[in-house]
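Here's entry03.cif, which has mmCIF, C-alpha atoms and all ligand atoms:
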data_model
#
loop_
_atom_site.label_atom_id
_atom_site.label_comp_id
_atom_site.auth_asym_id
_atom_site.auth_seq_id
_atom_site.Cartn_x
_atom_site.Cartn_y
_atom_site.Cartn_z
CA MET A 45 -7.72 27.35 38.61
CA LYS A 46 -7.38 24.45 41.03
CA THR A 47 -3.77 24.18 42.21
CA ASP A 48 -4.19 22.64 45.64
CA ARG A 49 -4.02 18.96 44.66
CA LYS A 50 -0.82 16.92 45.06
CA ILE A 51 -0.44 14.50 42.19
CA ILE A 52 2.48 12.15 41.54
CA HIS A 53 3.09 10.33 38.27
CA VAL A 54 5.46 7.34 38.48
CA ASP A 55 6.85 5.58 35.41
CA MET A 56 9.43 2.80 35.48
CA ASP A 57 12.58 3.33 33.40
CA ALA A 58 13.03 1.16 30.27
CA PHE A 59 10.85 -1.27 32.18
CA PHE A 60 11.02 -4.60 30.30
CA ALA A 61 14.70 -4.01 29.48
CA ALA A 62 15.57 -3.03 33.06
CA VAL A 63 14.02 -6.26 34.39
CA GLU A 64 16.09 -8.23 31.91
CA ILE A 65 19.32 -6.44 32.83
CA ARG A 66 18.67 -6.88 36.54
CA ASP A 67 18.30 -10.62 36.04
CA ASN A 68 21.19 -10.92 33.55
CA PRO A 69 23.87 -8.45 34.68
CA GLN A 70 26.04 -9.34 31.66
CA TYR A 71 23.66 -7.15 29.58
CA LYS A 72 24.45 -4.06 31.66
CA GLY A 73 25.72 -1.11 29.60
CA LYS A 74 24.91 -2.93 26.34
CA PRO A 75 22.30 -2.17 23.68
CA LEU A 76 19.55 -4.57 24.73
CA ILE A 77 16.42 -4.92 22.64
CA VAL A 78 13.41 -6.64 24.20
CA GLY A 79 10.71 -7.99 21.89
CA GLY A 80 10.69 -10.02 18.71
CA LYS A 81 13.85 -11.66 17.45
CA PRO A 82 15.61 -9.87 14.57
CA ASN A 83 14.83 -12.61 12.07
CA SER A 84 11.16 -12.66 13.03
CA ARG A 85 8.40 -10.29 12.06
CA GLY A 86 7.91 -9.15 15.62
CA VAL A 87 8.37 -5.67 16.99
CA VAL A 88 10.46 -4.06 19.71
CA SER A 89 8.66 -3.86 23.08
CA THR A 90 11.30 -1.59 24.51
CA CYS A 91 15.07 -1.27 24.64
CA SER A 92 17.83 -0.12 26.95
CA TYR A 93 18.94 3.52 26.87
CA GLU A 94 22.15 2.39 25.14
CA ALA A 95 20.06 0.92 22.30
CA ARG A 96 18.00 4.12 22.05
CA LYS A 97 21.15 5.93 20.93
CA TYR A 98 20.90 3.95 17.68
CA GLY A 99 17.40 5.27 17.05
CA ILE A 100 15.65 2.11 18.23
CA HIS A 101 12.29 2.55 19.95
CA SER A 102 9.14 0.69 21.03
CA ALA A 103 6.93 -0.68 18.25
CA MET A 104 9.71 -0.57 15.64
CA PRO A 105 9.96 -3.82 13.61
CA SER A 106 12.72 -5.98 15.07
CA TYR A 107 14.46 -6.46 11.73
CA GLN A 108 14.75 -2.67 11.45
CA ALA A 109 16.23 -2.49 14.95
CA TYR A 110 18.71 -5.14 13.86
CA LYS A 111 19.72 -3.05 10.84
CA LEU A 112 20.33 -0.06 13.11
CA CYS A 113 22.30 -2.08 15.64
CA PRO A 114 23.46 -5.50 14.40
CA HIS A 115 25.56 -6.11 17.51
CA GLY A 116 22.57 -5.46 19.82
CA ILE A 117 21.34 -8.20 22.13
CA PHE A 118 17.81 -9.31 21.27
CA VAL A 119 15.72 -11.05 23.94
CA LYS A 120 12.07 -11.87 24.55
CA PRO A 121 10.25 -10.29 27.50
CA ASP A 122 10.19 -12.29 30.71
CA PHE A 123 6.52 -11.75 31.51
CA ASP A 124 6.61 -13.51 34.88
CA ALA A 125 9.39 -11.28 36.19
CA ILE A 126 7.74 -8.20 34.67
CA LYS A 127 4.40 -8.96 36.27
CA GLU A 128 6.00 -9.64 39.62
CA ALA A 129 7.86 -6.30 39.58
CA SER A 130 4.74 -4.46 38.50
CA GLN A 131 2.76 -5.91 41.39
CA ILE A 132 5.42 -5.03 43.96
CA VAL A 133 5.51 -1.45 42.68
CA ARG A 134 1.74 -1.20 42.86
CA LYS A 135 1.69 -2.44 46.45
CA ILE A 136 4.15 0.30 47.38
CA PHE A 137 1.78 2.96 45.97
CA PHE A 138 -1.03 1.70 48.18
CA GLU A 139 1.11 2.20 51.28
CA TYR A 140 0.67 5.93 50.67
CA THR A 141 -2.79 6.31 49.17
CA ASP A 142 -5.75 4.38 47.81
CA LEU A 143 -6.16 7.00 45.10
CA VAL A 144 -4.01 5.17 42.56
CA GLU A 145 -4.78 5.21 38.84
CA PRO A 146 -2.80 2.56 36.97
CA VAL A 147 -2.21 3.71 33.41
CA SER A 148 -0.20 0.79 32.11
CA ILE A 149 1.93 -2.02 33.45
CA ASP A 150 4.70 0.41 34.52
CA GLU A 151 2.93 3.68 35.11
CA ALA A 152 0.43 5.20 37.56
CA TYR A 153 -0.96 8.45 38.92
CA LEU A 154 -1.32 8.93 42.67
CA ASP A 155 -3.30 11.61 44.46
CA VAL A 156 -1.45 12.20 47.73
CA THR A 157 -3.23 15.44 48.73
CA GLU A 158 -4.31 13.45 51.74
CA ASN A 159 -2.25 10.33 52.36
CA LYS A 160 -1.98 7.44 54.76
CA LYS A 161 1.31 8.66 56.25
CA ASN A 162 0.20 12.28 56.73
CA ILE A 163 3.21 13.59 54.84
CA THR A 164 2.50 17.13 53.67
CA ILE A 165 5.23 17.39 51.05
CA ALA A 166 4.45 15.38 47.92
CA THR A 167 8.07 15.43 46.77
CA GLU A 168 9.04 13.62 49.96
CA ILE A 169 6.49 10.91 49.17
CA ALA A 170 7.73 10.63 45.57
CA ASN A 171 11.28 10.25 46.81
CA LYS A 172 10.30 7.61 49.37
CA ILE A 173 8.37 5.68 46.71
CA LYS A 174 11.34 5.73 44.35
CA MET A 175 13.67 4.50 47.09
CA LYS A 176 11.28 1.75 48.15
CA ILE A 177 10.80 0.62 44.55
CA PHE A 178 14.56 0.31 44.18
CA GLU A 179 14.93 -1.46 47.51
CA GLU A 180 12.29 -4.04 46.68
CA THR A 181 12.81 -4.56 42.94
CA ARG A 182 16.32 -3.23 42.16
CA LEU A 183 14.69 -1.21 39.39
CA THR A 184 14.54 2.55 38.95
CA ALA A 185 11.48 4.69 38.38
CA SER A 186 11.05 8.32 37.39
CA ALA A 187 8.52 10.47 39.19
CA GLY A 188 6.84 13.77 38.46
CA VAL A 189 5.08 15.88 41.07
CA SER A 190 2.60 18.66 40.39
CA TYR A 191 -0.94 19.90 41.03
CA ASN A 192 -2.59 17.96 38.21
CA LYS A 193 -2.19 14.79 36.14
CA PHE A 194 -1.03 16.45 32.97
CA LEU A 195 1.81 18.35 34.64
CA ALA A 196 2.84 15.38 36.80
CA LYS A 197 3.19 13.28 33.65
CA ILE A 198 5.23 15.98 31.88
CA ALA A 199 7.43 16.22 34.99
CA SER A 200 8.14 12.49 35.17
CA GLU A 201 9.38 12.55 31.57
CA MET A 202 11.72 15.49 32.13
CA ASP A 203 14.63 13.78 33.82
CA LYS A 204 14.50 10.09 32.87
CA PRO A 205 15.97 7.72 34.02
CA ASP A 206 15.79 7.80 37.81
CA GLY A 207 14.41 11.35 37.79
CA LEU A 208 12.31 13.33 40.24
CA VAL A 209 10.96 16.62 38.91
CA VAL A 210 8.51 18.96 40.59
CA ILE A 211 6.42 21.50 38.69
CA PRO A 212 4.99 24.01 41.19
CA PRO A 213 2.19 26.40 40.07
CA THR A 214 4.73 29.24 39.77
CA LYS A 215 6.83 27.34 37.22
CA ALA A 216 4.07 25.67 35.20
CA GLN A 217 3.47 28.45 32.66
CA GLU A 218 7.14 28.84 31.80
CA ILE A 219 7.70 25.09 31.36
CA LEU A 220 4.58 24.68 29.25
CA GLU A 221 5.47 27.59 26.96
CA LYS A 222 8.87 26.09 26.21
CA LEU A 223 7.58 22.57 25.62
CA PRO A 224 7.81 21.30 22.00
CA ILE A 225 4.31 20.55 20.76
CA GLY A 226 5.04 16.83 20.29
CA ASP A 227 5.91 16.51 23.98
CA PHE A 228 2.41 17.51 25.08
CA TYR A 229 0.93 14.31 26.38
CA GLY A 230 -2.35 13.75 24.55
CA ILE A 231 -1.16 15.34 21.30
CA GLY A 232 -0.60 12.28 19.13
CA ASN A 233 1.32 12.04 15.84
CA VAL A 234 -1.61 13.11 13.69
CA SER A 235 -2.46 16.17 15.80
CA GLU A 236 1.22 17.06 16.07
CA LYS A 237 1.54 17.16 12.28
CA LYS A 238 -1.59 19.25 12.03
CA MET A 239 -0.32 21.65 14.72
CA ILE A 240 2.99 22.09 12.89
CA TYR A 241 1.11 22.71 9.67
CA LEU A 242 -0.81 25.44 11.50
CA GLY A 243 2.47 26.93 12.72
CA ILE A 244 2.13 25.66 16.30
CA ARG A 245 5.52 24.32 17.35
CA SER A 246 5.64 24.99 21.08
CA GLY A 247 3.41 25.60 24.07
CA LYS A 248 3.89 29.33 23.50
CA ASP A 249 2.49 29.06 19.95
CA LEU A 250 -0.42 26.96 21.20
CA LYS A 251 -1.28 29.49 23.88
CA GLU A 252 -1.62 32.25 21.31
CA ARG A 253 -4.50 30.44 19.57
CA SER A 254 -8.07 31.12 20.59
CA LEU A 255 -10.41 28.46 21.95
CA THR A 256 -12.66 28.91 18.91
CA GLU A 257 -9.76 28.29 16.52
CA LEU A 258 -8.60 25.17 18.39
CA ILE A 259 -12.13 23.74 18.48
CA LYS A 260 -12.47 24.45 14.76
CA HIS A 261 -9.36 22.40 13.98
CA PHE A 262 -9.39 19.73 16.69
CA GLY A 263 -13.01 19.43 17.79
CA LYS A 264 -13.51 18.46 21.43
CA ALA A 265 -9.76 17.92 21.92
CA GLY A 266 -9.31 21.62 21.15
CA THR A 267 -10.79 22.49 24.55
CA PHE A 268 -8.42 20.04 26.25
CA TYR A 269 -5.40 21.57 24.46
CA TYR A 270 -6.56 25.09 25.29
CA ASN A 271 -6.73 24.19 28.98
CA ILE A 272 -3.60 22.09 29.37
CA VAL A 273 -1.33 24.71 27.84
CA ARG A 274 -2.59 26.98 30.62
CA GLY A 275 -1.78 24.33 33.21
CA LYS A 276 -5.47 23.58 33.72
CA ASP A 277 -6.44 19.93 34.11
CA ASN A 278 -9.06 18.95 36.65
CA ARG A 279 -9.29 15.28 35.67
CA PRO A 280 -9.63 13.17 38.82
CA ILE A 281 -7.67 10.03 39.62
CA ILE A 282 -9.73 7.10 38.37
CA THR A 283 -9.13 4.15 40.66
CA HIS A 284 -11.58 1.67 39.16
CA ARG A 285 -11.05 1.58 35.50
CA ILE A 286 -13.00 -1.23 33.98
CA ARG A 287 -11.55 -3.13 31.11
CA LYS A 288 -13.77 -3.04 28.08
CA SER A 289 -12.18 -5.77 25.99
CA LEU A 290 -9.54 -8.45 26.03
CA GLY A 291 -7.67 -9.66 23.01
CA CYS A 292 -4.86 -11.83 21.80
CA GLU A 293 -3.24 -11.99 18.41
CA ARG A 294 -0.48 -13.76 16.59
CA THR A 295 1.79 -12.60 13.78
CA PHE A 296 3.11 -15.54 11.77
CA ALA A 297 6.76 -15.98 10.94
CA LYS A 298 5.67 -16.51 7.33
CA ASP A 299 2.38 -15.60 5.65
CA ILE A 300 0.09 -18.62 5.81
CA SER A 301 -2.73 -19.81 3.60
CA ASP A 302 -3.33 -23.22 5.16
CA VAL A 303 -6.71 -23.05 6.90
CA LYS A 304 -5.86 -25.91 9.24
CA GLU A 305 -2.84 -24.01 10.48
CA MET A 306 -5.00 -20.93 11.06
CA LEU A 307 -7.52 -22.99 13.02
CA ASP A 308 -4.77 -24.46 15.21
CA VAL A 309 -3.69 -20.97 16.16
CA LEU A 310 -7.28 -19.86 16.63
CA GLU A 311 -7.81 -22.72 19.04
CA LYS A 312 -4.76 -21.80 21.09
CA ILE A 313 -5.83 -18.16 21.25
CA SER A 314 -9.36 -19.19 22.26
CA GLN A 315 -7.92 -21.25 25.11
CA LYS A 316 -5.77 -18.38 26.30
CA ILE A 317 -8.61 -15.84 26.33
CA SER A 318 -11.04 -18.27 27.92
CA SER A 319 -8.61 -19.06 30.77
CA LYS A 320 -8.07 -15.38 31.43
CA MET A 321 -11.82 -14.73 31.49
CA LYS A 322 -12.42 -17.55 33.96
CA GLU A 323 -9.49 -16.51 36.13
CA ASN A 324 -10.86 -12.98 36.34
CA LYS A 325 -14.48 -14.04 36.62
CA PHE A 326 -16.06 -12.30 33.69
CA LYS A 327 -17.83 -13.28 30.51
CA ALA A 328 -18.38 -11.55 27.20
CA LYS A 329 -21.19 -11.17 24.72
CA THR A 330 -19.19 -10.13 21.67
CA LEU A 331 -16.40 -11.89 19.83
CA THR A 332 -14.29 -10.26 17.12
CA VAL A 333 -11.93 -11.92 14.68
CA LYS A 334 -9.14 -9.82 13.23
CA ILE A 335 -7.22 -10.76 10.11
CA LYS A 336 -4.30 -8.98 8.52
CA TYR A 337 -3.70 -10.12 4.96
CA ALA A 338 -0.27 -10.48 3.41
CA ASN A 339 -0.78 -7.09 1.74
CA PHE A 340 -1.45 -5.56 5.19
CA ASP A 341 -5.19 -5.04 4.60
CA LEU A 342 -6.90 -5.36 7.94
CA VAL A 343 -10.36 -6.88 8.34
CA SER A 344 -12.35 -7.57 11.47
CA ARG A 345 -15.69 -9.20 11.92
CA SER A 346 -17.79 -9.47 15.10
CA LYS A 347 -20.68 -11.45 16.43
CA THR A 348 -22.76 -10.67 19.49
CA LEU A 349 -24.66 -13.39 21.32
CA ALA A 350 -27.67 -12.90 23.58
CA GLU A 351 -25.99 -14.86 26.34
CA ALA A 352 -22.55 -14.08 27.76
CA PHE A 353 -19.88 -16.75 27.24
CA ASP A 354 -16.42 -17.66 28.55
CA LYS A 355 -15.95 -21.25 27.33
CA LYS A 356 -13.08 -22.02 25.00
CA ASP A 357 -15.28 -24.12 22.71
CA ILE A 358 -17.71 -21.26 22.16
CA LEU A 359 -14.89 -18.84 21.44
CA PHE A 360 -13.28 -21.26 19.05
CA HIS A 361 -16.40 -22.29 17.14
CA LEU A 362 -17.69 -18.76 16.82
CA GLY A 363 -14.21 -17.54 15.86
CA ARG A 364 -13.90 -20.34 13.31
CA LYS A 365 -17.24 -19.43 11.75
CA LEU A 366 -16.31 -15.75 11.48
CA LEU A 367 -12.88 -16.59 10.10
CA LEU A 368 -14.21 -18.94 7.41
CA GLU A 369 -16.92 -16.45 6.42
CA THR A 370 -14.32 -13.73 6.02
CA LEU A 371 -11.54 -15.57 4.23
CA GLY A 372 -11.58 -15.58 0.47
CA PRO A 373 -10.15 -18.55 -1.47
CA GLU A 374 -6.36 -18.91 -1.32
CA CYS A 375 -6.01 -16.03 1.09
CA LYS A 376 -2.58 -15.46 2.58
CA ILE A 377 -2.60 -13.92 6.02
CA ARG A 378 0.14 -12.54 8.25
CA LEU A 379 -1.81 -11.99 11.46
CA LEU A 380 -4.75 -13.59 13.19
CA GLY A 381 -6.40 -12.27 16.34
CA LEU A 382 -9.43 -12.74 18.56
CA SER A 383 -10.91 -10.39 21.10
CA VAL A 384 -13.90 -10.34 23.39
CA SER A 385 -15.89 -7.27 24.35
CA ASN A 386 -19.23 -6.33 25.87
CA LEU A 387 -17.88 -7.78 29.10
CA VAL A 388 -20.14 -8.93 31.88
CA ARG A 389 -18.84 -9.26 35.39
CA GLU A 390 -19.80 -12.24 37.56
CA GLY A 391 -21.92 -10.54 40.23
CA ASP A 392 -19.90 -7.72 41.62
CA LYS A 393 -17.82 -9.96 43.77
CA ILE A 394 -14.52 -9.02 42.22
CA ASN A 395 -12.36 -7.15 44.72
CA ASP A 396 -10.24 -4.08 44.10
CA GLN A 397 -6.93 -5.89 44.05
CA GLN A 398 -8.14 -8.38 41.47
CA MET A 399 -9.41 -5.52 39.36
CA LEU A 400 -6.06 -3.81 39.52
CA ASP A 401 -4.14 -6.96 38.73
CA PHE A 402 -6.41 -7.49 35.84
CA PHE A 403 -6.07 -3.97 34.59
CA SER A 404 -2.32 -4.17 34.85
CA GLU A 405 -2.21 -6.97 32.34
CA THR A 406 -1.19 -5.87 28.92
CA GLU A 407 -2.99 -7.58 26.07
CA LEU A 408 -2.21 -11.25 26.22
CA ALA A 409 1.08 -11.74 24.49
CA MET A 410 1.58 -14.56 22.05
CA GLY A 411 4.90 -15.55 20.58
CA ASP A 412 5.75 -13.82 17.35
CA GLU A 413 7.36 -16.93 15.97
CA GLU A 414 5.93 -20.28 15.29
CA GLU A 415 6.38 -22.65 18.14
P1 LIG B 501 7.05 2.79 28.52
O1 LIG B 501 6.94 3.33 29.91
O2 LIG B 501 6.44 3.59 27.41
O3 LIG B 501 8.59 2.60 28.14
P2 LIG B 501 9.81 2.11 29.02
O4 LIG B 501 9.44 1.91 30.45
O5 LIG B 501 10.42 0.92 28.37
O6 LIG B 501 10.85 3.30 28.86
P3 LIG B 501 10.83 4.74 29.57
O7 LIG B 501 12.05 4.78 30.43
O8 LIG B 501 10.92 5.72 28.44
O9 LIG B 501 9.54 4.85 30.35
O10 LIG B 501 6.42 1.35 28.44
C1 LIG B 501 6.52 0.42 29.52
C2 LIG B 501 6.71 -0.99 29.01
O11 LIG B 501 5.61 -1.36 28.19
C3 LIG B 501 7.95 -1.15 28.15
O12 LIG B 501 9.10 -1.43 28.92
C4 LIG B 501 7.56 -2.29 27.24
C5 LIG B 501 6.06 -2.20 27.11
N1 LIG B 501 5.70 -1.58 25.80
C6 LIG B 501 5.47 -2.44 24.73
O13 LIG B 501 5.53 -3.67 24.87
N2 LIG B 501 5.18 -1.89 23.51
C7 LIG B 501 5.11 -0.52 23.30
O14 LIG B 501 4.87 -0.07 22.17
C8 LIG B 501 5.36 0.35 24.43
C9 LIG B 501 5.33 1.85 24.26
C10 LIG B 501 5.66 -0.23 25.65
MG MG B 502 8.35 3.38 31.50
#
Mind converting the file's structure to structure tokens?
Ligand code: TTP
Ligand code: MG
Amino acid sequence: MKTDRKIIHVDMDAFFAAVEIRDNPQYKGKPLIVGGKPNSRGVVSTCSYEARKYGIHSAMPSYQAYKLCPHGIFVKPDFDAIKEASQIVRKIFFEYTDLVEPVSIDEAYLDVTENKKNITIATEIANKIKMKIFEETRLTASAGVSYNKFLAKIASEMDKPDGLVVIPPTKAQEILEKLPIGDFYGIGNVSEKKMIYLGIRSGKDLKERSLTELIKHFGKAGTFYYNIVRGKDNRPIITHRIRKSLGCERTFAKDISDVKEMLDVLEKISQKISSKMKENKFKAKTLTVKIKYANFDLVSRSKTLAEAFDKKDILFHLGRKLLLETLGPECKIRLLGLSVSNLVREGDKINDQQMLDFFSETELAMGDEEE
């Protein structure tokens, strides 16, 4: 097994909430919930650790968070400040290595086996990165250090917030055996339930199952599970991940059935996506409209053109056509979205930094309330 790589996983602590608290110190120590307002139909993006004590978590409907903690402070994310912090953090990574794999806006893997500062101890690098992040953003990050991505990610989760955990090859087996099955990164809710049904509750239980059995129950993922529980993960750091789609959607404050209102929103979304495409110099060949009806039924419909497009008018007219074809009479909808895929890059002129900035963007956010 390959154990000679030095991988660091860095993940910012309560990222959107931490940015908010830094910029509004009066929120410090309070249950702060970032995302949709409690009286809206939005969801929680994240919340402070104080709010987590009430059982609030990302993706929970905001009204539910409000029920759990009526005295909580509810704010919307400050995307400019978030983006700025994310970019500063990313620059710091590149001071140490070019082998950086951004996973999301607040998270990345770094391969520092060889690094620009010739530091041999990865933990020292992780520590320096954490200190520099704090110096330059006044935000804390947690870091995990190990010999592969899977273990580095597990390590960064182990002592949040502001943690730094190292998993050396000698400790990996013991840590993995004790790990609850739901904490294995890559085992989602559905697989976790299935594992528990099969009597697999911890890494130790998982390790007792044969490769054949795991493949039988989990298909290809079975091989991945079989390997990771043995501390085996040879996945490289992927520095140039290419975005495959870009989308934007809007949940209405109230279900709407007025087609004109839907088209107004569709036009705004088309403008937003088109600007982003132009800014990042790419076009798309496929457009998809997504509709969630009042009863939560989800429908999407796509159209692919022979020629790639990026103009707002094309997005809007094509989106309009798909929407009108899909809608039945008197339909009430709660969500409307557009996305583009089958992306085509303008030449190959785009440079690495632009790519990274682009990748770091979360899906384009739209307000969850009517403007
Ligand atoms: P996470 O790193 O998953 O969460 P976090 O940084 O808030 O908290 P932790 O200390 O546990 O790492 O996600 C990073 C940011 O991404 C988070 O601050 C808000 C945003 N986000 C959403 O908007 N919706 C989501 O469902 C999730 C999971 C995150
Ligand atoms: Mg985080």
Next item on the list: Record the distance separating atom CA of Phe228 of chain A and atom CA of Leu154 of chain A, expressed in Å with one decimal.
Entry: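 Distance between the two atoms: 19.9 Å.
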Check: Any idea what the distance is between atom CA of Glu374 of chain A and atom CA of Lys304 of chain A?
Finding: 12.7 Å
Note to self: Could you list, as a VMD selection string, every residue within 7 Å of Val133 of chain A, counting only C-alpha atoms and ignoring same-chain residues fewer than 4 positions away?
What the structure shows: chain A and resid 129 137 177
Would you give the centre and edge lengths, in Å to one decimal, of a box along x, y and z around the listed atoms of ligand LIG 501 (chain B), with 4 Å added to each side, as JSON?
{"center_x": 8.5, "center_y": 1.0, "center_z": 26.3, "size_x": 15.2, "size_y": 17.4, "size_z": 16.3}
Quick one: which chain A residues come within 9 Å of ligand MG 502 (chain B), and what is the nearest atom pair for each with the distance in Å to one decimal, counting all atoms listed in the file, rows ordered by chain and ascending number, as CSV?
residue,atom,partner,partner_atom,distance
A:Val54,CA,B:MG502,MG,8.5
A:Asp55,CA,B:MG502,MG,4.7
A:Met56,CA,B:MG502,MG,4.2
A:Asp57,CA,B:MG502,MG,4.6
A:Ala58,CA,B:MG502,MG,5.3
A:Phe59,CA,B:MG502,MG,5.3
A:Phe60,CA,B:MG502,MG,8.5
A:Ser148,CA,B:MG502,MG,9.0
A:Ile149,CA,B:MG502,MG,8.6
A:Asp150,CA,B:MG502,MG,5.6
A:Glu151,CA,B:MG502,MG,6.5
A:Ala185,CA,B:MG502,MG,7.7
A:Ser186,CA,B:MG502,MG,8.1
Checklist line | atom CA of Tyr153 of chain A to atom C9 of ligand LIG 501 (chain B), straight-line distance in Å | finding: 17.3 Å
Next item on the list: Compare A:Ile136, A:Gln70, A:Thr214, A:Asp227 by their minimum atom-to-atom distance to Glu179 of chain A, counting all atoms listed in the file, and give me the closest one.
Entry: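 That would be A:Ile136, the residue with the smallest distance to Glu179 of chain A.
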Next item on the list: May I have the residues within 9 Å of segment 269-284 of chain A as JSON, numbers by chain, using all atoms listed in the file and disregarding those fewer than 6 positions away in the same chain?
Entry: {"A": [45, 46, 47, 51, 142, 143, 144, 145, 146, 153, 154, 155, 191, 192, 193, 194, 195, 213, 216, 217, 220, 221, 228, 230, 231, 247, 248, 250, 251, 253, 254, 255, 258, 259, 262, 396, 399, 400]}
Margin query: Taking (16.2, -0.1, 41.1) in the coordinates of the supplied file, I want to know which residues reach to within 10 Å of it, counting all atoms listed in the file; could you give the answer as a ChimeraX atom specification?
Written below: /A:56-57,62-63,66,174-185,206
Margin query: Give me the residues near Met202 of chain A as a PyMOL selection string, where near means some atom within 10 Å (using only C-alpha atoms) and where sequence neighbours in that chain fewer than 4 positions away do not count.
Written below: chain A and resi 186-188+197-198+207-210
Prev. selection, C-alpha atoms, output as a PDB file, in the coordinates of the input:
ATOM      1  CA  SER A 186      11.050   8.320  37.390  1.00  0.00           C
ATOM      2  CA  ALA A 187       8.520  10.470  39.190  1.00  0.00           C
ATOM      3  CA  GLY A 188       6.840  13.770  38.460  1.00  0.00           C
ATOM      4  CA  LYS A 197       3.190  13.280  33.650  1.00  0.00           C
ATOM      5  CA  ILE A 198       5.230  15.980  31.880  1.00  0.00           C
ATOM      6  CA  GLY A 207      14.410  11.350  37.790  1.00  0.00           C
ATOM      7  CA  LEU A 208      12.310  13.330  40.240  1.00  0.00           C
ATOM      8  CA  VAL A 209      10.960  16.620  38.910  1.00  0.00           C
ATOM      9  CA  VAL A 210       8.510  18.960  40.590  1.00  0.00           C
TER      10      VAL A 210
END
Next item on the list: Using only C-alpha atoms, collect all residues at a distance of at most 9 Å from (-15.2, -15.3, 26.2) as written in the file, then present them as a list in words.
Entry: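 Output: Leu290, Ser314, Ile317, Ser318, Ser319, Lys320, Met321, Lys322, Phe326, Lys327, Ala328, Lys329, Thr330, Leu331, Ala352, Phe353, Asp354, Lys355, Lys356, Ile358, Leu359, Ser383, Val384, Ser385 and Leu387 of chain A.
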How would the residues just chosen look if you wrote them out with C-alpha atoms as an mmCIF file, in the coordinates of the input?
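Generated file (selection_31.cif):
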data_model
loop_
_atom_site.group_PDB
_atom_site.id
_atom_site.type_symbol
_atom_site.label_atom_id
_atom_site.label_comp_id
_atom_site.auth_asym_id
_atom_site.auth_seq_id
_atom_site.Cartn_x
_atom_site.Cartn_y
_atom_site.Cartn_z
ATOM 1 C CA LEU A 290 -9.540 -8.450 26.030
ATOM 2 C CA SER A 314 -9.360 -19.190 22.260
ATOM 3 C CA ILE A 317 -8.610 -15.840 26.330
ATOM 4 C CA SER A 318 -11.040 -18.270 27.920
ATOM 5 C CA SER A 319 -8.610 -19.060 30.770
ATOM 6 C CA LYS A 320 -8.070 -15.380 31.430
ATOM 7 C CA MET A 321 -11.820 -14.730 31.490
ATOM 8 C CA LYS A 322 -12.420 -17.550 33.960
ATOM 9 C CA PHE A 326 -16.060 -12.300 33.690
ATOM 10 C CA LYS A 327 -17.830 -13.280 30.510
ATOM 11 C CA ALA A 328 -18.380 -11.550 27.200
ATOM 12 C CA LYS A 329 -21.190 -11.170 24.720
ATOM 13 C CA THR A 330 -19.190 -10.130 21.670
ATOM 14 C CA LEU A 331 -16.400 -11.890 19.830
ATOM 15 C CA ALA A 352 -22.550 -14.080 27.760
ATOM 16 C CA PHE A 353 -19.880 -16.750 27.240
ATOM 17 C CA ASP A 354 -16.420 -17.660 28.550
ATOM 18 C CA LYS A 355 -15.950 -21.250 27.330
ATOM 19 C CA LYS A 356 -13.080 -22.020 25.000
ATOM 20 C CA ILE A 358 -17.710 -21.260 22.160
ATOM 21 C CA LEU A 359 -14.890 -18.840 21.440
ATOM 22 C CA SER A 383 -10.910 -10.390 21.100
ATOM 23 C CA VAL A 384 -13.900 -10.340 23.390
ATOM 24 C CA SER A 385 -15.890 -7.270 24.350
ATOM 25 C CA LEU A 387 -17.880 -7.780 29.100
#
Using only C-alpha atoms, I'd like a table of the residues in segment 105-185 of chain A that come within 10 Å of segment 78-90 of chain A; for each, show the closest atom pair and its distance in Å rounded to one decimal, ordered by chain and ascending number, as a tab-separated table.
residue	atom	partner	partner_atom	distance
A:Pro105	CA	A:Val87	CA	4.2
A:Ser106	CA	A:Val87	CA	4.8
A:Tyr107	CA	A:Pro82	CA	4.6
A:Gln108	CA	A:Pro82	CA	7.9
A:Ala109	CA	A:Pro82	CA	7.4
A:Tyr110	CA	A:Pro82	CA	5.7
A:Lys111	CA	A:Pro82	CA	8.8
A:Pro114	CA	A:Pro82	CA	9.0
A:Gly116	CA	A:Pro82	CA	9.8
A:Ile117	CA	A:Val78	CA	8.3
A:Phe118	CA	A:Val78	CA	5.9
A:Val119	CA	A:Val78	CA	5.0
A:Lys120	CA	A:Gly79	CA	4.9
A:Pro121	CA	A:Val78	CA	5.8
A:Asp122	CA	A:Val78	CA	9.2
Dump as a compact mmCIF listing (two decimals), in the coordinates of the input, selection limited to C-alpha atoms:
# COMPACT_ATOMS: atom_id res chain seq x y z
CA PRO A 105 9.96 -3.82 13.61
CA SER A 106 12.72 -5.98 15.07
CA TYR A 107 14.46 -6.46 11.73
CA GLN A 108 14.75 -2.67 11.45
CA ALA A 109 16.23 -2.49 14.95
CA TYR A 110 18.71 -5.14 13.86
CA LYS A 111 19.72 -3.05 10.84
CA PRO A 114 23.46 -5.50 14.40
CA GLY A 116 22.57 -5.46 19.82
CA ILE A 117 21.34 -8.20 22.13
CA PHE A 118 17.81 -9.31 21.27
CA VAL A 119 15.72 -11.05 23.94
CA LYS A 120 12.07 -11.87 24.55
CA PRO A 121 10.25 -10.29 27.50
CA ASP A 122 10.19 -12.29 30.71
